[in-house]
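Source file: run.txt (compact mmCIF, C-alpha atoms and all ligand atoms)
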# COMPACT_ATOMS: atom_id res chain seq x y z
CA MET H 9 -6.84 -0.53 27.77
CA SER H 10 -6.73 1.04 24.31
CA GLU H 11 -6.56 -1.35 21.46
CA TYR H 12 -4.12 -0.98 18.63
CA ILE H 13 -5.27 0.00 15.18
CA PHE H 14 -3.14 -1.62 12.45
CA LEU H 15 -2.21 0.49 9.42
CA PHE H 16 -0.90 -1.42 6.43
CA ASP H 17 0.90 -0.27 3.33
CA LEU H 18 -0.36 -2.20 0.29
CA ASP H 19 2.46 -2.65 -2.25
CA SER H 20 5.06 -5.24 -1.19
CA THR H 21 3.56 -5.37 2.31
CA ILE H 22 0.16 -6.95 1.64
CA SER H 23 0.93 -7.71 -2.00
CA LYS H 24 3.81 -9.91 -3.08
CA LYS H 25 4.50 -7.65 -6.05
CA GLU H 26 4.45 -3.93 -6.74
CA ILE H 27 1.08 -3.23 -8.32
CA LEU H 28 1.90 -0.57 -10.93
CA PRO H 29 5.01 -2.32 -12.33
CA THR H 30 3.05 -5.58 -12.58
CA ILE H 31 0.39 -3.89 -14.70
CA SER H 32 3.03 -2.10 -16.75
CA MET H 33 4.60 -5.41 -17.61
CA ARG H 34 1.28 -6.56 -19.04
CA ILE H 35 1.12 -3.55 -21.36
CA GLY H 36 4.82 -3.47 -22.28
CA LYS H 37 5.73 -0.30 -20.33
CA LEU H 38 7.74 -1.95 -17.61
CA GLU H 39 11.06 -0.17 -18.06
CA LYS H 40 9.76 3.34 -17.68
CA MET H 41 7.58 2.34 -14.75
CA ARG H 42 10.38 0.45 -13.03
CA GLU H 43 12.78 3.39 -13.20
CA LEU H 44 10.21 5.72 -11.67
CA THR H 45 9.14 3.24 -9.01
CA GLU H 46 12.69 2.42 -7.91
CA ALA H 47 13.69 6.09 -7.68
CA THR H 48 10.55 6.78 -5.63
CA MET H 49 11.18 3.88 -3.27
CA ARG H 50 14.66 5.29 -2.64
CA GLY H 51 13.12 8.68 -1.92
CA GLU H 52 14.78 10.41 -4.89
CA ILE H 53 11.55 11.67 -6.45
CA PRO H 54 8.71 13.06 -4.33
CA PHE H 55 5.94 10.49 -4.11
CA ARG H 56 3.28 12.82 -5.50
CA THR H 57 5.22 13.80 -8.66
CA SER H 58 6.25 10.26 -9.32
CA PHE H 59 2.75 8.91 -8.75
CA LEU H 60 1.17 11.32 -11.24
CA ASN H 61 3.79 10.34 -13.82
CA ARG H 62 3.20 6.67 -13.20
CA VAL H 63 -0.56 7.09 -13.56
CA LYS H 64 0.07 8.73 -16.95
CA ILE H 65 1.90 5.63 -18.15
CA LEU H 66 -1.15 3.52 -17.34
CA THR H 67 -3.93 5.84 -18.51
CA PRO H 68 -4.22 4.19 -21.95
CA VAL H 69 -5.45 1.02 -20.22
CA ASN H 70 -9.13 0.51 -19.35
CA VAL H 71 -9.77 0.98 -15.65
CA SER H 72 -11.80 -2.23 -15.44
CA GLU H 73 -8.90 -4.16 -16.94
CA VAL H 74 -6.40 -2.72 -14.42
CA ASN H 75 -8.83 -3.39 -11.57
CA ALA H 76 -9.18 -7.04 -12.61
CA LEU H 77 -5.38 -7.46 -12.90
CA VAL H 78 -4.80 -5.88 -9.49
CA ALA H 79 -7.38 -8.16 -7.87
CA GLU H 80 -5.33 -11.15 -9.06
CA ILE H 81 -1.96 -9.97 -7.73
CA PRO H 82 -0.41 -12.54 -5.38
CA LEU H 83 -0.59 -11.61 -1.69
CA ASN H 84 1.45 -12.32 1.40
CA GLU H 85 -1.00 -14.87 2.70
CA ALA H 86 -0.33 -14.73 6.45
CA ILE H 87 -0.53 -10.93 6.53
CA SER H 88 -3.69 -10.94 4.37
CA GLN H 89 -5.23 -13.55 6.64
CA PHE H 90 -4.48 -11.42 9.71
CA ILE H 91 -6.28 -8.52 7.99
CA ARG H 92 -9.31 -10.65 7.07
CA GLU H 93 -9.59 -11.98 10.61
CA ASN H 94 -9.19 -8.58 12.30
CA ARG H 95 -10.75 -6.32 9.71
CA GLU H 96 -12.41 -3.97 12.20
CA ARG H 97 -8.97 -2.98 13.53
CA CYS H 98 -7.09 -2.87 10.23
CA TYR H 99 -6.80 -0.11 7.62
CA VAL H 100 -4.93 0.07 4.33
CA LEU H 101 -3.08 3.28 3.48
CA THR H 102 -1.89 3.34 -0.10
CA GLY H 103 -1.03 5.80 -2.83
CA ASN H 104 -2.78 3.58 -5.37
CA LEU H 105 -5.98 4.80 -7.00
CA ASP H 106 -9.39 3.83 -5.65
CA VAL H 107 -10.60 2.81 -9.11
CA TRP H 108 -7.70 0.39 -9.55
CA ILE H 109 -7.69 -1.33 -6.18
CA SER H 110 -11.38 -1.62 -5.25
CA GLY H 111 -11.54 -5.29 -6.32
CA LEU H 112 -8.47 -6.21 -4.30
CA MET H 113 -9.76 -4.31 -1.26
CA ARG H 114 -13.06 -6.21 -1.42
CA LYS H 115 -11.14 -9.46 -1.60
CA ILE H 116 -9.38 -8.81 1.72
CA GLY H 117 -12.40 -7.17 3.37
CA MET H 118 -10.87 -3.68 3.37
CA ASP H 119 -13.25 -1.92 0.95
CA GLN H 120 -14.57 0.26 3.80
CA HIS H 121 -11.16 0.49 5.48
CA VAL H 122 -8.90 2.02 2.86
CA TYR H 123 -7.35 5.46 2.45
CA CYS H 124 -6.07 5.89 -1.08
CA SER H 125 -5.67 8.31 -3.98
CA LYS H 126 -8.71 9.09 -6.07
CA ALA H 127 -9.38 9.55 -9.78
CA GLU H 128 -12.26 10.46 -12.00
CA VAL H 129 -13.25 7.94 -14.64
CA ARG H 130 -15.23 8.37 -17.83
CA GLU H 131 -15.94 5.57 -20.28
CA ASP H 132 -13.60 3.25 -18.41
CA ARG H 133 -10.61 5.61 -18.68
CA ILE H 134 -9.04 7.89 -16.10
CA THR H 135 -9.73 11.50 -17.01
CA GLN H 136 -7.95 13.04 -14.05
CA VAL H 137 -6.40 12.32 -10.69
CA ILE H 138 -8.41 14.08 -7.99
CA SER H 139 -6.26 13.50 -4.91
CA VAL H 140 -3.03 11.81 -3.93
CA VAL H 141 -3.03 10.33 -0.46
CA ASP H 142 -0.57 11.61 2.13
CA LYS H 143 0.03 8.66 4.45
CA GLU H 144 1.62 10.81 7.14
CA LEU H 145 -1.43 13.11 7.31
CA MET H 146 -3.81 10.16 7.37
CA ALA H 147 -1.91 8.40 10.16
CA LYS H 148 -1.90 11.60 12.20
CA GLN H 149 -5.71 11.59 12.26
CA PHE H 150 -6.10 8.30 14.09
CA VAL H 151 -7.00 8.51 17.77
CA GLN H 152 -6.14 5.01 18.97
CA PRO H 153 -2.54 3.81 19.37
CA LEU H 154 -1.13 2.65 16.04
CA VAL H 155 0.84 -0.24 14.71
CA VAL H 156 2.20 0.67 11.26
CA ILE H 157 3.54 -1.87 8.76
CA GLY H 158 5.26 -0.87 5.53
CA ASP H 159 8.34 -1.12 3.35
CA GLY H 160 8.78 2.10 1.34
CA ASP H 161 10.09 5.61 1.71
CA ASN H 162 6.53 6.98 1.79
CA ASP H 163 5.73 4.78 4.79
CA SER H 164 8.26 6.58 6.99
CA GLY H 165 5.83 9.50 7.44
CA MET H 166 3.16 7.28 8.94
CA ALA H 167 5.76 5.40 10.98
CA LYS H 168 6.37 8.66 12.87
CA TYR H 169 2.91 8.40 14.40
CA ALA H 170 3.15 4.73 15.21
CA ASP H 171 3.41 3.39 18.73
CA ILE H 172 4.94 0.35 17.09
CA ALA H 173 6.49 0.74 13.62
CA ILE H 174 7.27 -2.38 11.63
CA GLY H 175 9.31 -2.69 8.47
CA PHE H 176 8.37 -5.58 6.20
CA GLY H 177 11.24 -6.71 4.02
CA GLY H 178 9.76 -9.99 2.80
CA VAL H 179 9.25 -8.80 -0.77
CA ARG H 180 11.91 -6.12 -1.24
CA ASN H 181 14.45 -4.23 0.83
CA ILE H 182 13.01 -1.91 3.45
CA ALA H 183 13.67 1.68 2.30
CA PRO H 184 16.61 3.22 4.23
CA SER H 185 14.50 6.18 5.41
CA LEU H 186 11.96 3.78 6.89
CA LEU H 187 14.57 1.46 8.36
CA ARG H 188 15.78 4.33 10.53
CA ASN H 189 12.28 4.86 11.97
CA ILE H 190 11.08 1.37 12.84
CA ASP H 191 11.00 -0.67 16.03
CA TYR H 192 10.94 -4.09 14.35
CA ALA H 193 11.80 -5.53 10.96
CA PHE H 194 10.42 -8.79 9.56
CA TYR H 195 11.57 -10.58 6.45
CA ASP H 196 9.04 -13.36 6.56
CA ASP H 197 5.27 -13.11 6.09
CA ILE H 198 4.38 -15.78 8.68
CA ARG H 199 6.63 -14.40 11.41
CA CYS H 200 5.35 -10.89 10.79
CA ALA H 201 1.73 -12.10 11.13
CA GLU H 202 2.57 -13.98 14.33
CA PHE H 203 4.01 -10.83 15.82
CA LEU H 204 0.90 -8.87 14.80
CA LYS H 205 -1.28 -11.48 16.50
CA SER H 206 0.74 -11.09 19.71
CA LEU H 207 -0.33 -7.42 19.75
CA LEU H 208 -4.07 -8.18 19.67
MG MG P 301 5.11 -0.63 -0.22

This structure in structure tokens:
Amino acid sequence: MSEYIFLFDLDSTISKKEILPTISMRIGKLEKMRELTEATMRGEIPFRTSFLNRVKILTPVNVSEVNALVAEIPLNEAISQFIRENRERCYVLTGNLDVWISGLMRKIGMDQHVYCSKAEVREDRITQVISVVDKELMAKQFVQPLVVIGDGDNDSGMAKYADIAIGFGGVRNIAPSLLRNIDYAFYDDIRCAEFLKSLL
């Protein structure tokens, strides 16, 4: 029997807070970031455009500083634990930049199991974004049956390729576009992880 591969969104699925707004708060740029993030979550601005604009807001900050802040972001513990215990079958698909999330990925054992956007760095600053991940395209490339877990508008693309699509609404509301494409919705970290375990 084929085994499921589990694809996780990062922000508000594994993490208890949205990563970019959390960093923006630390540097006093929260308002601008929040507006962009909310509009993107609702699907009003294409993810790619919005992401590039959000990266611009954070480019004045040293990459190492952002990386350290991201590594300390609180996580949904039961979901993170499931990932740590089943790392060979789990992957993280996130629009976030490799240079910002590498510390966090190491922490949950996903440093070799992450598909994310990429940027070039010189002297601890981002000089340019090289690629922005397309979750739908990435999900399409998997061969094994998929379980997909996410909360945002840009997770609905990968949900299309899922054998089992799960919305996680434990941190924020599941985006309407995703809600229409899921098989299950969970609003609690522990119950979501229990369900994932039942699929092993
Ligand atoms: Mg998310």

Any chance you could tabulate, as a Markdown table, the residues of chain H at most 10 Å from ligand MG 301 (chain P) with each one's nearest atom pair and distance in Å to one decimal, using all atoms listed in the file, in chain and rising number order?
| residue | atom | partner | partner_atom | distance |
| --- | --- | --- | --- | --- |
| H:Phe16 | CA | P:MG301 | MG | 9.0 |
| H:Asp17 | CA | P:MG301 | MG | 5.5 |
| H:Leu18 | CA | P:MG301 | MG | 5.7 |
| H:Asp19 | CA | P:MG301 | MG | 3.9 |
| H:Ser20 | CA | P:MG301 | MG | 4.7 |
| H:Thr21 | CA | P:MG301 | MG | 5.6 |
| H:Ile22 | CA | P:MG301 | MG | 8.2 |
| H:Ser23 | CA | P:MG301 | MG | 8.4 |
| H:Lys24 | CA | P:MG301 | MG | 9.8 |
| H:Lys25 | CA | P:MG301 | MG | 9.1 |
| H:Glu26 | CA | P:MG301 | MG | 7.3 |
| H:Ile27 | CA | P:MG301 | MG | 9.4 |
| H:Met49 | CA | P:MG301 | MG | 8.2 |
| H:Leu101 | CA | P:MG301 | MG | 9.8 |
| H:Thr102 | CA | P:MG301 | MG | 8.0 |
| H:Gly103 | CA | P:MG301 | MG | 9.3 |
| H:Ile157 | CA | P:MG301 | MG | 9.2 |
| H:Gly158 | CA | P:MG301 | MG | 5.8 |
| H:Asp159 | CA | P:MG301 | MG | 4.8 |
| H:Gly160 | CA | P:MG301 | MG | 4.8 |
| H:Asp161 | CA | P:MG301 | MG | 8.2 |
| H:Asn162 | CA | P:MG301 | MG | 8.0 |
| H:Asp163 | CA | P:MG301 | MG | 7.4 |
| H:Gly175 | CA | P:MG301 | MG | 9.9 |
| H:Phe176 | CA | P:MG301 | MG | 8.7 |
| H:Gly177 | CA | P:MG301 | MG | 9.6 |
| H:Val179 | CA | P:MG301 | MG | 9.2 |
| H:Arg180 | CA | P:MG301 | MG | 8.8 |
| H:Ile182 | CA | P:MG301 | MG | 8.8 |
| H:Ala183 | CA | P:MG301 | MG | 9.2 |

Practice item. Between H:Val100, H:Pro184, H:Ser164, H:Ile116, single out the one closest to Glu85 (chain H), counting all atoms listed in the file. Key: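 Closest residue, counting all atoms listed in the file: H:Ile116.
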
Point to revise | All residues 9 Å or closer to Ser58 (chain H), all atoms listed in the file, same chain fewer than 4 positions away omitted, as a list in words | key: Leu44, Thr45, Ala47, Thr48, Ile53, Pro54, Arg62 and Val63 of chain H

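The space separating CA of Leu208 (chain H) from CA of Arg188 (chain H) comes to 25.2 Å.
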
Practice item. Measure the distance from CA of Lys37 (chain H) to CA of Asn61 (chain H) in Å and round it to one decimal. Key: 12.6 Å

Check your understanding: Smallest atom-to-atom distance to Arg97 (chain H): which of H:Val129, H:Arg56, H:His121, H:Ile172, using all atoms listed in the file?
Key ->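 Using all atoms listed in the file, Arg97 (chain H) sits closest to H:His121.
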
Exercise for review: Excluding Gln89 (chain H) and any residue of its chain fewer than 3 positions from it, enumerate the residues within 12 Å of it, using only C-alpha atoms, and give them as a list in words.
Suggested key: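 Non-adjacent residues within range: Ile22, Leu83, Asn84, Glu85, Ala86, Arg92, Glu93, Asn94, Arg95, Cys98, Lys115, Ile116, Gly117, Met118, Asp197, Ile198, Cys200, Ala201, Glu202, Leu204 and Lys205 of chain H.
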
Write the residues of the preceding selection, restricted to C-alpha atoms, as a PDB file, keeping the file's coordinate frame.
ATOM      1  CA  ILE H  22       0.160  -6.950   1.640  1.00  0.00           C
ATOM      2  CA  LEU H  83      -0.590 -11.610  -1.690  1.00  0.00           C
ATOM      3  CA  ASN H  84       1.450 -12.320   1.400  1.00  0.00           C
ATOM      4  CA  GLU H  85      -1.000 -14.870   2.700  1.00  0.00           C
ATOM      5  CA  ALA H  86      -0.330 -14.730   6.450  1.00  0.00           C
ATOM      6  CA  ARG H  92      -9.310 -10.650   7.070  1.00  0.00           C
ATOM      7  CA  GLU H  93      -9.590 -11.980  10.610  1.00  0.00           C
ATOM      8  CA  ASN H  94      -9.190  -8.580  12.300  1.00  0.00           C
ATOM      9  CA  ARG H  95     -10.750  -6.320   9.710  1.00  0.00           C
ATOM     10  CA  CYS H  98      -7.090  -2.870  10.230  1.00  0.00           C
ATOM     11  CA  LYS H 115     -11.140  -9.460  -1.600  1.00  0.00           C
ATOM     12  CA  ILE H 116      -9.380  -8.810   1.720  1.00  0.00           C
ATOM     13  CA  GLY H 117     -12.400  -7.170   3.370  1.00  0.00           C
ATOM     14  CA  MET H 118     -10.870  -3.680   3.370  1.00  0.00           C
ATOM     15  CA  ASP H 197       5.270 -13.110   6.090  1.00  0.00           C
ATOM     16  CA  ILE H 198       4.380 -15.780   8.680  1.00  0.00           C
ATOM     17  CA  CYS H 200       5.350 -10.890  10.790  1.00  0.00           C
ATOM     18  CA  ALA H 201       1.730 -12.100  11.130  1.00  0.00           C
ATOM     19  CA  GLU H 202       2.570 -13.980  14.330  1.00  0.00           C
ATOM     20  CA  LEU H 204       0.900  -8.870  14.800  1.00  0.00           C
ATOM     21  CA  LYS H 205      -1.280 -11.480  16.500  1.00  0.00           C
TER      22      LYS H 205
END

Practice item. Take CA of Arg114 (chain H) and CA of Ala173 (chain H) and report the distance between them in Å, one decimal. Key: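 Spanning CA of Arg114 (chain H) to CA of Ala173 (chain H) is a straight-line distance of 25.6 Å.
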
Study note, to complete from the structure: Of H:Leu60, H:Met41, H:Val140, H:Ile134, the one sitting nearest Ser72 (chain H) when using all atoms listed in the file is H:Ile134

Review point. Which is closest to Asp142 (chain H) among H:Met166, H:Leu112, H:Val156, H:Leu105, if we use all atoms listed in the file?
Key: H:Met166

Exercise for review: Write out as an MDAnalysis selection string the residues lying within 12 Å of Arg34 (chain H), counting only C-alpha atoms and excluding same-chain residues fewer than 2 positions away.
Suggested key: chainID H and resid 27:32 36:39 41 66 69 73:74 77:78

Residues of the last selection are to be written out with C-alpha atoms, as an mmCIF file, in the frame of the given file.
data_model
loop_
_atom_site.group_PDB
_atom_site.id
_atom_site.type_symbol
_atom_site.label_atom_id
_atom_site.label_comp_id
_atom_site.auth_asym_id
_atom_site.auth_seq_id
_atom_site.Cartn_x
_atom_site.Cartn_y
_atom_site.Cartn_z
ATOM 1 C CA ILE H 27 1.080 -3.230 -8.320
ATOM 2 C CA LEU H 28 1.900 -0.570 -10.930
ATOM 3 C CA PRO H 29 5.010 -2.320 -12.330
ATOM 4 C CA THR H 30 3.050 -5.580 -12.580
ATOM 5 C CA ILE H 31 0.390 -3.890 -14.700
ATOM 6 C CA SER H 32 3.030 -2.100 -16.750
ATOM 7 C CA GLY H 36 4.820 -3.470 -22.280
ATOM 8 C CA LYS H 37 5.730 -0.300 -20.330
ATOM 9 C CA LEU H 38 7.740 -1.950 -17.610
ATOM 10 C CA GLU H 39 11.060 -0.170 -18.060
ATOM 11 C CA MET H 41 7.580 2.340 -14.750
ATOM 12 C CA LEU H 66 -1.150 3.520 -17.340
ATOM 13 C CA VAL H 69 -5.450 1.020 -20.220
ATOM 14 C CA GLU H 73 -8.900 -4.160 -16.940
ATOM 15 C CA VAL H 74 -6.400 -2.720 -14.420
ATOM 16 C CA LEU H 77 -5.380 -7.460 -12.900
ATOM 17 C CA VAL H 78 -4.800 -5.880 -9.490
#

Exercise for review: Rank H:Phe59, H:Arg199, H:Glu96, H:Tyr169 by their smallest atom-to-atom distance to Ser139 (chain H), using all atoms listed in the file, and report the top residue only.
Suggested key: H:Phe59

Check your understanding: Which residue, H:Asn70, H:Phe14, H:Phe90, H:Thr57, has the smallest gap to Ile35 (chain H) when you use all atoms listed in the file?
Key ->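 Closest to Ile35 (chain H), using all atoms listed in the file: H:Asn70.
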